[in-house]
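Participant: Below is the file run-v7.txt, which contains compact mmCIF, C-alpha atoms and all ligand atoms.
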```txt
# COMPACT_ATOMS: atom_id res chain seq x y z
CA MET Z 1 20.28 -66.62 28.73
CA GLN Z 2 23.97 -67.35 28.54
CA ALA Z 3 25.93 -65.58 31.23
CA GLU Z 4 29.63 -65.22 30.45
CA THR Z 5 32.01 -65.43 33.36
CA ALA Z 6 35.65 -66.14 33.91
CA LEU Z 7 34.68 -68.55 36.69
CA THR Z 8 34.08 -72.17 35.70
CA PHE Z 9 31.72 -73.98 38.03
CA ASP Z 10 32.59 -77.45 39.22
CA ILE Z 11 29.28 -79.34 38.90
CA LYS Z 12 28.88 -82.08 41.51
CA PRO Z 13 25.37 -83.58 41.28
CA ASN Z 14 23.64 -84.59 44.50
CA GLN Z 15 23.98 -88.38 44.88
CA THR Z 16 20.88 -88.64 47.10
CA PRO Z 17 18.29 -86.28 45.59
CA LEU Z 18 14.76 -86.27 46.99
CA ALA Z 19 12.68 -89.04 45.39
CA GLU Z 20 10.37 -87.79 42.64
CA ALA Z 21 7.25 -89.08 44.43
CA ASP Z 22 8.22 -87.15 47.59
CA ARG Z 23 8.89 -83.99 45.61
CA LEU Z 24 5.55 -84.19 43.82
CA LYS Z 25 3.78 -84.85 47.12
CA ALA Z 26 5.44 -81.76 48.64
CA PHE Z 27 4.34 -79.71 45.61
CA GLU Z 28 0.70 -80.38 46.55
CA SER Z 29 0.82 -77.96 49.49
CA LEU Z 30 3.40 -75.33 48.68
CA GLY Z 31 3.77 -72.47 51.12
CA PHE Z 32 6.72 -70.10 51.17
CA GLY Z 33 10.31 -70.98 51.98
CA THR Z 34 9.93 -74.31 53.72
CA LEU Z 35 10.96 -76.74 50.98
CA PHE Z 36 14.36 -76.65 49.26
CA SER Z 37 15.80 -78.11 46.08
CA ASP Z 38 18.63 -80.66 45.90
CA HIS Z 39 21.52 -78.32 45.09
CA MET Z 40 23.17 -75.00 45.87
CA ALA Z 41 25.66 -72.86 43.96
CA VAL Z 42 28.62 -71.54 45.95
CA ILE Z 43 31.48 -69.13 45.23
CA ARG Z 44 34.05 -68.13 47.83
CA TRP Z 45 35.99 -64.91 48.21
CA SER Z 46 39.13 -64.09 50.12
CA SER Z 47 41.19 -60.93 50.11
CA ASP Z 48 44.21 -62.79 48.67
CA LYS Z 49 42.45 -64.94 46.02
CA GLY Z 50 39.38 -62.87 45.09
CA TRP Z 51 36.41 -64.94 43.85
CA HIS Z 52 37.33 -68.60 43.63
CA SER Z 53 36.18 -72.24 43.92
CA PRO Z 54 32.78 -71.89 42.17
CA GLU Z 55 30.73 -75.05 42.45
CA VAL Z 56 27.25 -76.45 42.21
CA THR Z 57 26.86 -79.13 44.80
CA ALA Z 58 24.36 -80.95 47.03
CA ARG Z 59 22.57 -78.49 49.33
CA ALA Z 60 24.23 -78.93 52.73
CA PRO Z 61 25.03 -76.97 55.90
CA PHE Z 62 28.13 -74.76 56.02
CA PRO Z 63 30.47 -75.43 58.93
CA ILE Z 64 30.60 -72.08 60.76
CA ASP Z 65 33.30 -71.21 63.26
CA PRO Z 66 31.80 -69.61 66.42
CA ALA Z 67 34.03 -66.59 65.74
CA SER Z 68 32.85 -66.27 62.14
CA SER Z 69 32.36 -62.52 61.67
CA VAL Z 70 28.81 -62.74 60.29
CA LEU Z 71 27.68 -64.13 63.64
CA HIS Z 72 28.93 -61.01 65.42
CA TYR Z 73 28.73 -58.06 63.06
CA ALA Z 74 26.06 -59.26 60.61
CA GLN Z 75 27.76 -58.62 57.28
CA GLU Z 76 25.11 -60.41 55.23
CA ILE Z 77 23.15 -59.46 52.13
CA PHE Z 78 20.66 -61.31 49.96
CA GLU Z 79 18.43 -61.18 46.91
CA GLY Z 80 15.06 -62.66 46.01
CA MET Z 81 14.05 -63.69 42.49
CA LYS Z 82 11.95 -66.38 40.82
CA ALA Z 83 12.21 -68.90 37.97
CA TYR Z 84 8.92 -69.76 36.25
CA ARG Z 85 7.91 -72.50 33.87
CA SER Z 86 5.96 -70.75 31.14
CA ALA Z 87 2.87 -72.21 29.50
CA ASP Z 88 4.95 -73.06 26.41
CA GLY Z 89 7.43 -75.03 28.54
CA ARG Z 90 10.30 -72.51 28.73
CA VAL Z 91 12.11 -71.75 31.97
CA VAL Z 92 12.28 -68.00 32.47
CA LEU Z 93 13.73 -65.50 34.91
CA PHE Z 94 12.40 -61.96 35.39
CA ARG Z 95 14.93 -59.12 35.13
CA PRO Z 96 17.75 -61.09 36.82
CA GLU Z 97 20.32 -58.40 35.90
CA GLU Z 98 18.44 -56.02 38.18
CA ASN Z 99 18.99 -58.42 41.09
CA ALA Z 100 22.67 -58.77 40.18
CA ARG Z 101 23.05 -54.97 40.14
CA ARG Z 102 21.16 -54.44 43.40
CA PHE Z 103 23.19 -57.20 45.06
CA ASN Z 104 26.33 -55.21 44.36
CA GLU Z 105 24.75 -52.01 45.61
CA SER Z 106 23.98 -53.84 48.85
CA ALA Z 107 27.54 -55.24 48.91
CA ARG Z 108 29.04 -51.74 48.60
CA ARG Z 109 26.90 -50.41 51.44
CA MET Z 110 27.91 -53.29 53.69
CA ALA Z 111 31.64 -53.04 52.82
CA MET Z 112 31.55 -56.44 51.14
CA PRO Z 113 33.24 -57.44 47.85
CA GLU Z 114 31.23 -56.95 44.66
CA LEU Z 115 30.51 -60.09 42.67
CA PRO Z 116 30.81 -59.63 38.89
CA GLU Z 117 27.23 -59.55 37.57
CA ALA Z 118 28.04 -62.32 35.09
CA ALA Z 119 29.12 -64.61 37.94
CA PHE Z 120 25.92 -63.87 39.88
CA LEU Z 121 23.83 -64.66 36.79
CA ASP Z 122 25.86 -67.75 35.96
CA ALA Z 123 25.42 -69.15 39.50
CA VAL Z 124 21.66 -68.58 39.33
CA GLU Z 125 21.41 -70.12 35.88
CA LYS Z 126 23.51 -73.19 36.78
CA LEU Z 127 21.35 -73.84 39.86
CA VAL Z 128 18.08 -73.45 37.94
CA ARG Z 129 19.40 -75.74 35.22
CA ILE Z 130 20.38 -78.58 37.58
CA ASP Z 131 17.21 -78.19 39.69
CA ALA Z 132 14.77 -77.44 36.84
CA LYS Z 133 12.46 -80.23 37.95
CA TRP Z 134 11.96 -78.28 41.19
CA ILE Z 135 10.06 -75.54 39.33
CA PRO Z 136 6.40 -76.17 40.10
CA GLU Z 137 3.91 -76.02 37.25
CA GLY Z 138 0.89 -73.73 37.32
CA GLU Z 139 0.70 -70.95 39.89
CA GLY Z 140 3.91 -71.84 41.72
CA SER Z 141 7.48 -70.80 41.02
CA LEU Z 142 11.01 -71.55 42.13
CA TYR Z 143 12.11 -68.81 44.53
CA LEU Z 144 15.85 -68.20 44.27
CA ARG Z 145 17.77 -66.82 47.19
CA PRO Z 146 21.28 -65.58 46.37
CA PHE Z 147 23.09 -64.40 49.50
CA MET Z 148 26.55 -63.60 50.80
CA PHE Z 149 27.97 -63.58 54.30
CA ALA Z 150 31.24 -62.80 56.07
CA SER Z 151 33.02 -66.03 56.96
CA GLU Z 152 36.36 -64.94 58.40
CA THR Z 153 37.19 -66.26 61.86
CA PHE Z 154 37.97 -62.93 63.48
CA LEU Z 155 36.43 -60.75 66.17
CA GLY Z 156 37.95 -57.38 65.28
CA VAL Z 157 35.46 -54.85 63.96
CA ARG Z 158 36.38 -54.30 60.31
CA PRO Z 159 35.16 -55.77 57.01
CA SER Z 160 35.79 -59.49 56.83
CA LYS Z 161 38.55 -60.82 54.59
CA GLU Z 162 36.55 -63.90 53.60
CA TYR Z 163 33.01 -64.34 52.27
CA ILE Z 164 30.76 -67.09 50.96
CA PHE Z 165 28.30 -66.37 48.16
CA CYS Z 166 25.58 -68.97 47.74
CA VAL Z 167 22.32 -69.50 45.86
CA ILE Z 168 19.61 -71.82 47.14
CA ALA Z 169 16.21 -72.54 45.61
CA SER Z 170 12.80 -73.09 47.15
CA PRO Z 171 9.64 -74.09 45.28
CA VAL Z 172 6.93 -71.72 46.47
CA GLY Z 173 3.22 -71.05 46.33
CA PRO Z 174 1.57 -67.88 47.65
CA TYR Z 175 3.50 -65.80 50.20
CA PHE Z 176 0.40 -64.98 52.24
CA LYS Z 177 -1.61 -67.79 53.81
CA GLY Z 178 -4.83 -66.27 52.48
CA GLY Z 179 -3.53 -66.60 48.89
CA ALA Z 180 -4.78 -63.76 46.67
CA LYS Z 181 -7.15 -62.32 49.31
CA PRO Z 182 -6.50 -58.69 50.32
CA VAL Z 183 -4.08 -58.43 53.21
CA LYS Z 184 -4.41 -56.69 56.53
CA ILE Z 185 -1.54 -54.44 57.54
CA TRP Z 186 -0.39 -52.91 60.81
CA VAL Z 187 1.04 -49.39 60.98
CA SER Z 188 4.11 -49.42 63.20
CA GLU Z 189 4.10 -46.34 65.42
CA HIS Z 190 6.88 -47.44 67.80
CA TYR Z 191 9.45 -48.98 65.51
CA THR Z 192 11.07 -47.65 62.38
CA ARG Z 193 12.94 -49.61 59.75
CA ALA Z 194 15.67 -47.32 58.47
CA ALA Z 195 17.01 -43.82 58.96
CA ARG Z 196 18.75 -41.49 56.52
CA GLY Z 197 22.32 -42.62 56.00
CA GLY Z 198 21.46 -46.11 57.26
CA THR Z 199 21.05 -49.37 55.38
CA GLY Z 200 17.39 -49.06 54.29
CA ALA Z 201 18.16 -49.27 50.59
CA ALA Z 202 20.39 -52.31 51.00
CA LYS Z 203 18.98 -55.81 51.09
CA CYS Z 204 20.84 -56.84 54.22
CA GLY Z 205 19.65 -59.32 56.80
CA GLY Z 206 20.00 -56.71 59.55
CA ASN Z 207 17.11 -54.68 58.14
CA TYR Z 208 14.86 -57.69 58.50
CA ALA Z 209 16.14 -58.47 62.00
CA ALA Z 210 15.19 -54.91 62.99
CA SER Z 211 11.73 -55.33 61.45
CA LEU Z 212 10.78 -58.58 63.18
CA ILE Z 213 9.51 -57.10 66.43
CA ALA Z 214 7.21 -54.82 64.45
CA GLN Z 215 6.13 -57.77 62.31
CA ALA Z 216 5.39 -59.70 65.53
CA GLU Z 217 3.31 -56.73 66.75
CA ALA Z 218 1.43 -56.85 63.44
CA ALA Z 219 0.74 -60.57 63.91
CA GLU Z 220 -0.46 -59.99 67.51
CA ASN Z 221 -2.92 -57.50 66.08
CA GLY Z 222 -4.19 -60.01 63.53
CA CYS Z 223 -2.31 -58.43 60.61
CA ASP Z 224 -0.31 -60.06 57.81
CA GLN Z 225 2.39 -57.41 57.46
CA VAL Z 226 3.72 -54.26 59.03
CA VAL Z 227 4.02 -50.89 57.27
CA PHE Z 228 6.76 -48.53 58.45
CA LEU Z 229 6.70 -44.76 58.70
CA ASP Z 230 9.84 -42.66 58.27
CA ALA Z 231 12.32 -42.50 61.13
CA ALA Z 232 12.74 -38.69 61.24
CA GLU Z 233 9.11 -37.61 61.62
CA GLN Z 234 7.21 -40.91 61.99
CA ARG Z 235 4.82 -39.45 59.47
CA TRP Z 236 5.61 -40.52 55.91
CA VAL Z 237 4.69 -43.98 54.65
CA GLU Z 238 7.82 -45.88 53.63
CA GLU Z 239 7.27 -49.57 52.86
CA LEU Z 240 6.18 -52.85 54.37
CA GLY Z 241 8.52 -55.31 56.11
CA GLY Z 242 9.11 -57.12 52.81
CA MET Z 243 7.27 -55.16 50.11
CA ASN Z 244 6.86 -51.72 48.54
CA VAL Z 245 3.50 -49.95 48.64
CA PHE Z 246 1.26 -48.16 46.09
CA PHE Z 247 -1.91 -46.06 46.39
CA VAL Z 248 -4.54 -45.70 43.64
CA MET Z 249 -6.47 -42.41 43.66
CA GLU Z 250 -9.98 -41.63 42.42
CA ASP Z 251 -8.60 -39.66 39.43
CA GLY Z 252 -6.84 -42.85 38.32
CA SER Z 253 -3.35 -41.67 39.28
CA ILE Z 254 -1.01 -43.73 41.42
CA VAL Z 255 1.21 -42.63 44.30
CA THR Z 256 4.19 -44.54 45.68
CA PRO Z 257 6.82 -43.36 48.19
CA PRO Z 258 10.01 -42.12 46.51
CA LEU Z 259 13.36 -43.92 46.72
CA GLY Z 260 15.40 -41.81 49.07
CA GLY Z 261 17.84 -44.28 50.60
CA THR Z 262 15.55 -45.53 53.36
CA ILE Z 263 13.44 -47.97 51.34
CA LEU Z 264 14.38 -50.89 49.14
CA PRO Z 265 14.38 -50.04 45.42
CA GLY Z 266 12.03 -52.88 44.50
CA ILE Z 267 12.27 -54.45 41.07
CA THR Z 268 8.54 -55.18 41.17
CA ARG Z 269 7.96 -51.51 42.11
CA LYS Z 270 10.05 -50.30 39.19
CA SER Z 271 8.32 -52.73 36.78
CA LEU Z 272 4.82 -51.74 37.93
CA ILE Z 273 5.65 -48.06 37.48
CA SER Z 274 6.60 -48.83 33.85
CA LEU Z 275 3.51 -50.98 33.25
CA ALA Z 276 1.22 -48.34 34.75
CA ARG Z 277 2.80 -45.62 32.59
CA ASP Z 278 2.38 -47.90 29.53
CA GLU Z 279 -1.35 -47.83 30.30
CA GLY Z 280 -1.34 -44.03 30.44
CA ILE Z 281 -1.63 -43.94 34.23
CA THR Z 282 0.11 -41.00 35.94
CA VAL Z 283 2.49 -42.28 38.60
CA HIS Z 284 3.74 -39.92 41.30
CA GLU Z 285 6.78 -41.01 43.28
CA LYS Z 286 6.19 -38.66 46.18
CA PRO Z 287 5.97 -38.65 49.95
CA TYR Z 288 2.56 -39.66 51.25
CA SER Z 289 1.76 -39.29 54.94
CA PHE Z 290 -0.26 -41.53 57.20
CA GLU Z 291 -2.58 -38.54 57.94
CA GLU Z 292 -3.22 -38.07 54.20
CA TRP Z 293 -3.83 -41.78 53.84
CA GLN Z 294 -6.51 -41.72 56.55
CA ALA Z 295 -8.08 -38.51 55.20
CA ASP Z 296 -8.11 -39.85 51.62
CA VAL Z 297 -9.82 -43.05 52.70
CA ALA Z 298 -12.41 -41.06 54.67
CA SER Z 299 -13.11 -38.72 51.73
CA GLY Z 300 -13.16 -41.48 49.13
CA LYS Z 301 -10.15 -40.02 47.29
CA LEU Z 302 -8.13 -43.18 47.86
CA ARG Z 303 -9.65 -46.11 45.99
CA GLU Z 304 -7.09 -48.91 46.26
CA ALA Z 305 -3.78 -49.72 47.90
CA PHE Z 306 -1.47 -52.62 47.23
CA ALA Z 307 1.84 -54.09 48.31
CA CYS Z 308 4.33 -55.56 45.85
CA GLY Z 309 7.50 -57.58 45.81
CA THR Z 310 9.02 -60.72 44.34
CA ALA Z 311 7.71 -63.04 47.04
CA ALA Z 312 4.28 -61.43 47.41
CA VAL Z 313 3.86 -60.33 43.73
CA VAL Z 314 0.96 -57.80 44.01
CA ALA Z 315 -1.29 -58.04 47.06
CA ALA Z 316 -4.24 -55.72 47.63
CA ILE Z 317 -4.32 -54.05 51.05
CA GLY Z 318 -7.85 -54.53 52.38
CA THR Z 319 -7.55 -53.36 55.98
CA VAL Z 320 -5.19 -51.00 57.78
CA LYS Z 321 -4.94 -51.21 61.54
CA PHE Z 322 -3.11 -48.92 63.98
CA SER Z 323 -3.16 -48.11 67.68
CA GLY Z 324 -5.98 -45.61 67.15
CA GLY Z 325 -8.32 -47.84 65.15
CA GLU Z 326 -8.65 -49.42 61.74
CA PHE Z 327 -10.04 -48.66 58.31
CA GLN Z 328 -10.88 -50.55 55.15
CA ILE Z 329 -9.84 -49.78 51.61
CA GLY Z 330 -12.05 -50.58 48.62
CA GLY Z 331 -14.56 -52.40 50.80
CA GLY Z 332 -11.85 -54.94 51.62
CA GLU Z 333 -11.88 -56.23 48.01
CA THR Z 334 -9.14 -56.22 45.39
CA GLY Z 335 -9.76 -53.21 43.15
CA PRO Z 336 -9.68 -53.07 39.34
CA VAL Z 337 -6.38 -51.20 38.95
CA THR Z 338 -4.60 -53.58 41.32
CA THR Z 339 -6.06 -56.55 39.43
CA ARG Z 340 -5.07 -55.15 36.04
CA LEU Z 341 -1.51 -54.31 37.03
CA ARG Z 342 -1.03 -57.66 38.73
CA GLN Z 343 -2.28 -59.43 35.63
CA ALA Z 344 -0.03 -57.38 33.33
CA LEU Z 345 3.02 -58.18 35.49
CA VAL Z 346 2.28 -61.86 36.07
CA SER Z 347 1.60 -62.56 32.41
CA ILE Z 348 5.01 -61.14 31.47
CA GLN Z 349 6.76 -62.97 34.34
CA ARG Z 350 5.20 -66.24 33.24
CA GLY Z 351 6.04 -65.71 29.58
CA GLN Z 352 2.35 -65.46 28.60
CA SER Z 353 2.29 -62.02 27.05
CA ASN Z 354 4.33 -59.86 24.77
CA ASP Z 355 7.44 -58.93 26.74
CA LYS Z 356 7.79 -55.55 25.10
CA HIS Z 357 10.30 -54.26 27.62
CA GLY Z 358 12.55 -57.30 27.17
CA TRP Z 359 12.41 -58.28 30.85
CA ILE Z 360 12.32 -62.06 30.44
CA ARG Z 361 15.48 -64.18 30.24
CA ALA Z 362 14.82 -67.73 29.05
CA ILE Z 363 17.27 -70.41 30.14
CA SER Z 364 17.82 -72.47 27.03
CA GLY Z 365 17.86 -76.23 26.72
CA ILE Z 366 15.80 -77.24 29.77
N1 LIG W 401 10.91 -53.88 50.23
C1 LIG W 401 11.44 -54.82 51.01
C2 LIG W 401 11.82 -54.46 52.41
C3 LIG W 401 11.64 -56.12 50.52
O1 LIG W 401 12.15 -57.08 51.29
C4 LIG W 401 11.25 -56.42 49.19
C5 LIG W 401 11.44 -57.75 48.64
O2 LIG W 401 12.39 -58.08 48.06
C6 LIG W 401 10.71 -55.39 48.41
C7 LIG W 401 10.56 -54.13 48.96
C8 LIG W 401 10.34 -55.62 46.99
O3 LIG W 401 11.48 -55.77 46.17
P1 LIG W 401 11.43 -56.63 44.86
O4 LIG W 401 10.27 -56.16 44.09
O5 LIG W 401 12.73 -56.35 44.17
O6 LIG W 401 11.31 -58.05 45.26
C1 LIG W 402 11.33 -60.99 48.30
O1 LIG W 402 10.23 -60.61 47.94
O2 LIG W 402 12.10 -61.61 47.55
C2 LIG W 402 11.84 -60.70 49.62
O3 LIG W 402 13.02 -60.79 49.81
C3 LIG W 402 10.93 -60.39 50.70
C4 LIG W 402 10.94 -61.49 51.65
C5 LIG W 402 11.97 -61.26 52.69
C6 LIG W 402 9.57 -61.64 52.16
```
Produce structure tokens that represent the structure in this file.
Facilitator:
Amino acid sequence: MQAETALTFDIKPNQTPLAEADRLKAFESLGFGTLFSDHMAVIRWSSDKGWHSPEVTARAPFPIDPASSVLHYAQEIFEGMKAYRSADGRVVLFRPEENARRFNESARRMAMPELPEAAFLDAVEKLVRIDAKWIPEGEGSLYLRPFMFASETFLGVRPSKEYIFCVIASPVGPYFKGGAKPVKIWVSEHYTRAARGGTGAAKCGGNYAASLIAQAEAAENGCDQVVFLDAAEQRWVEELGGMNVFFVMEDGSIVTPPLGGTILPGITRKSLISLARDEGITVHEKPYSFEEWQADVASGKLREAFACGTAAVVAAIGTVKFSGGEFQIGGGETGPVTTRLRQALVSIQRGQSNDKHGWIRAISGI
């Protein structure tokens, strides 16, 4: 991958990187999002200069003025993507252009400046290059978190005139503590995530802030994740706090809620739809209600359900709990379609199988 951009990054290597022995020790027990690499990539924006001062530098705190607008009006967006070390030693990214495009869709919705896709990709590539030794071998990966926030010191309510774009990197293992075991999810009947005309399709921090109380309710009920129903009727299944959702029917077809502006257009979702169709599976992007879900489990029509996203990859849903009770799917085991689709996706992401859709971008020379 060679991203072309008019911005030339100033590369300032960290003078006190973590010692190799400490890094390798930390790699022995990787969770999600607790360990960070030595560097970060930063680009600044102001209304008079546009994008400027791109640099790759030691990861360090940003000084934030107490009146910085992000702290008051939450203009913040982010992305999530991963770099993998493939079995043949290459460093690869999965569909990074999709993240660059979605980042700008989020930026537009939040009245923030768009970052040229080439600059987004260049920042990611430069960070992965300098921190390549932070990519764990084997099952792990380097989770990349590009984000942008409003940094103007101003309390008036209007779009900020200054922003900071940054990419940080975190070596990660499984997102869920139970690893590849099926997850337990909680159906939120009090809280919704996004309404029509809102920010549901944008990857903005505010959506996650709004989801945390429901996620806490899920945890209190012994569940790993929350699933949201639509805001208008509290009836239609939308998505989980941080993942999209799929249902596998007894006739072999798959159902997933449609993109209608209230759910995140997941890149994993889009990729799995293609991979399923490659296998001749019929995929319906159509509304699916919680009543149907319960009835289909009771009748045996629903065979499997799974959640998917960059962080979680593909996770079978084993148990669904709600205020009125709970039910199991597929005997609480990961079903064959979920397993097959996960395998098809992971083997492409890790550069192990024929990438016939051309989704992999190798970063050369590392
Ligand atoms: N839905 C939400 C709310 C998410 O946070 C994520 C994760 O990024 C997804 C869906 C899945 O998106 P993707 O597959 O692009 O990671
Ligand atoms: C990701 O999968 O990259 C996400 O952003 C979801 C995360 C917030 C759990």
Participant: May I ask which of the residues Z:Gly241, Z:Pro116, Z:Gly324, Z:Pro54 is the closest one to ligand LIG 401 (chain W), counting all atoms listed in the file?
Facilitator: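 Under the stated criterion, the closest residue is Z:Gly241.
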Participant: Which polymer residues have any atom within 6 Å of an atom of Z:Ala305, counting all atoms listed in the file, with same-chain residues fewer than 4 positions away left out, as JSON, numbers by chain?
Facilitator: {"Z": [246, 247, 248, 317]}
Participant: Write a file of the selected residues as a PDB file, in the coordinates of the input, keeping C-alpha atoms.
Facilitator:
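Here's the written file result26.pdb:
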```pdb
ATOM      1  CA  PHE Z 246       1.260 -48.160  46.090  1.00  0.00           C
ATOM      2  CA  PHE Z 247      -1.910 -46.060  46.390  1.00  0.00           C
ATOM      3  CA  VAL Z 248      -4.540 -45.700  43.640  1.00  0.00           C
ATOM      4  CA  ILE Z 317      -4.320 -54.050  51.050  1.00  0.00           C
TER       5      ILE Z 317
END
```
Participant: Identify the residues within 10 Å of coordinate (1.5, -44.9, 49.3) (same frame as the file), considering all atoms listed in the file, and give the answer as a ChimeraX atom specification.
Facilitator: /Z:236-239,244-248,254-258,284-290,292-293,302,304-307
Participant: Between atom CA of Z:Ala194 and atom CA of Z:Thr338, measure the distance and give it in Å to one decimal.
Facilitator: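 Going from atom CA of Z:Ala194 over to atom CA of Z:Thr338, I get 27.3 Å.
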Participant: Work out how far atom CA of Z:Lys321 is from atom CA of Z:Ala219, in Å to one decimal.
Facilitator: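 Going from atom CA of Z:Ala219 over to atom CA of Z:Lys321, I get 11.2 Å.
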Participant: Would you name the residues within 10 Å of ligand LIG 401 (chain W), counting only C-alpha atoms and all ligand atoms, and put them as a short mmCIF file (atom, residue, chain, number, x, y, z; two decimals) with C-alpha atoms, in the coordinates of the input?
Facilitator:
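Generated file (out_33.cif):
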```
data_model
loop_
_atom_site.label_atom_id
_atom_site.label_comp_id
_atom_site.auth_asym_id
_atom_site.auth_seq_id
_atom_site.Cartn_x
_atom_site.Cartn_y
_atom_site.Cartn_z
CA PHE Z 78 20.66 -61.31 49.96
CA GLU Z 79 18.43 -61.18 46.91
CA GLY Z 80 15.06 -62.66 46.01
CA MET Z 81 14.05 -63.69 42.49
CA LYS Z 82 11.95 -66.38 40.82
CA ARG Z 95 14.93 -59.12 35.13
CA GLU Z 98 18.44 -56.02 38.18
CA ASN Z 99 18.99 -58.42 41.09
CA ARG Z 102 21.16 -54.44 43.40
CA ARG Z 193 12.94 -49.61 59.75
CA GLY Z 200 17.39 -49.06 54.29
CA ALA Z 201 18.16 -49.27 50.59
CA ALA Z 202 20.39 -52.31 51.00
CA LYS Z 203 18.98 -55.81 51.09
CA CYS Z 204 20.84 -56.84 54.22
CA GLY Z 205 19.65 -59.32 56.80
CA ASN Z 207 17.11 -54.68 58.14
CA TYR Z 208 14.86 -57.69 58.50
CA SER Z 211 11.73 -55.33 61.45
CA VAL Z 227 4.02 -50.89 57.27
CA PHE Z 228 6.76 -48.53 58.45
CA GLU Z 238 7.82 -45.88 53.63
CA GLU Z 239 7.27 -49.57 52.86
CA LEU Z 240 6.18 -52.85 54.37
CA GLY Z 241 8.52 -55.31 56.11
CA GLY Z 242 9.11 -57.12 52.81
CA MET Z 243 7.27 -55.16 50.11
CA ASN Z 244 6.86 -51.72 48.54
CA VAL Z 245 3.50 -49.95 48.64
CA THR Z 262 15.55 -45.53 53.36
CA ILE Z 263 13.44 -47.97 51.34
CA LEU Z 264 14.38 -50.89 49.14
CA PRO Z 265 14.38 -50.04 45.42
CA GLY Z 266 12.03 -52.88 44.50
CA ILE Z 267 12.27 -54.45 41.07
CA THR Z 268 8.54 -55.18 41.17
CA ARG Z 269 7.96 -51.51 42.11
CA LYS Z 270 10.05 -50.30 39.19
CA SER Z 271 8.32 -52.73 36.78
CA LEU Z 272 4.82 -51.74 37.93
CA ALA Z 307 1.84 -54.09 48.31
CA CYS Z 308 4.33 -55.56 45.85
CA GLY Z 309 7.50 -57.58 45.81
CA THR Z 310 9.02 -60.72 44.34
CA ALA Z 311 7.71 -63.04 47.04
CA ALA Z 312 4.28 -61.43 47.41
CA VAL Z 313 3.86 -60.33 43.73
CA VAL Z 314 0.96 -57.80 44.01
#
```
Participant: Would you mind listing what lies within 9 Å of Z:Ile363 as JSON, numbers by chain, with all atoms listed in the file counted and same-chain residues fewer than 3 positions away left out?
Facilitator: {"Z": [1, 2, 90, 91, 92, 93, 125, 128, 129, 366]}
Participant: Which residues come within 9 Å of Z:Ser323, counting all atoms listed in the file, excluding same-chain residues fewer than 3 positions away, as a PyMOL selection string?
Facilitator: chain Z and resi 186-189+326
Participant: Using atom CA of Z:Gly140 and atom CA of Z:Gly173 as the two end points, give the distance in Å to one decimal.
Facilitator: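 Between atom CA of Z:Gly140 and atom CA of Z:Gly173 the gap works out to 4.7 Å.
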Participant: Which residue gives the smallest distance to Z:Ala362 among Z:Tyr73, Z:Trp45, Z:Phe94, Z:Phe32, with only C-alpha atoms counted?
Facilitator: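 Nearest candidate to Z:Ala362 out of Z:Tyr73, Z:Trp45, Z:Phe94, Z:Phe32: Z:Phe94.
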Participant: Using only C-alpha atoms and all ligand atoms, can you tell me which of Z:Lys184, Z:His52, Z:Arg145, Z:Arg235 comes closest to ligand LIG 402 (chain W)?
Facilitator: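 The answer is Z:Arg145, which sits nearest to ligand LIG 402 (chain W).
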Participant: Residues at most 9 Å from Z:Pro113, counting all atoms listed in the file, excluding those fewer than 3 positions away in the same chain, as a PyMOL selection string?
Facilitator: chain Z and resi 45+47+50+104+107-108+110+163
Participant: I need the chosen residues saved as an mmCIF file, in the frame of the given file, with C-alpha atoms.
Facilitator:
```
data_model
loop_
_atom_site.group_PDB
_atom_site.id
_atom_site.type_symbol
_atom_site.label_atom_id
_atom_site.label_comp_id
_atom_site.auth_asym_id
_atom_site.auth_seq_id
_atom_site.Cartn_x
_atom_site.Cartn_y
_atom_site.Cartn_z
ATOM 1 C CA TRP Z 45 35.990 -64.910 48.210
ATOM 2 C CA SER Z 47 41.190 -60.930 50.110
ATOM 3 C CA GLY Z 50 39.380 -62.870 45.090
ATOM 4 C CA ASN Z 104 26.330 -55.210 44.360
ATOM 5 C CA ALA Z 107 27.540 -55.240 48.910
ATOM 6 C CA ARG Z 108 29.040 -51.740 48.600
ATOM 7 C CA MET Z 110 27.910 -53.290 53.690
ATOM 8 C CA TYR Z 163 33.010 -64.340 52.270
#
```
Participant: Please identify all polymer residues within 12 Å of Z:Ala6, counting only C-alpha atoms, omitting same-chain residues fewer than 5 positions from it, and present them as a PyMOL selection string.
Facilitator: chain Z and resi 51-54+115-120+122
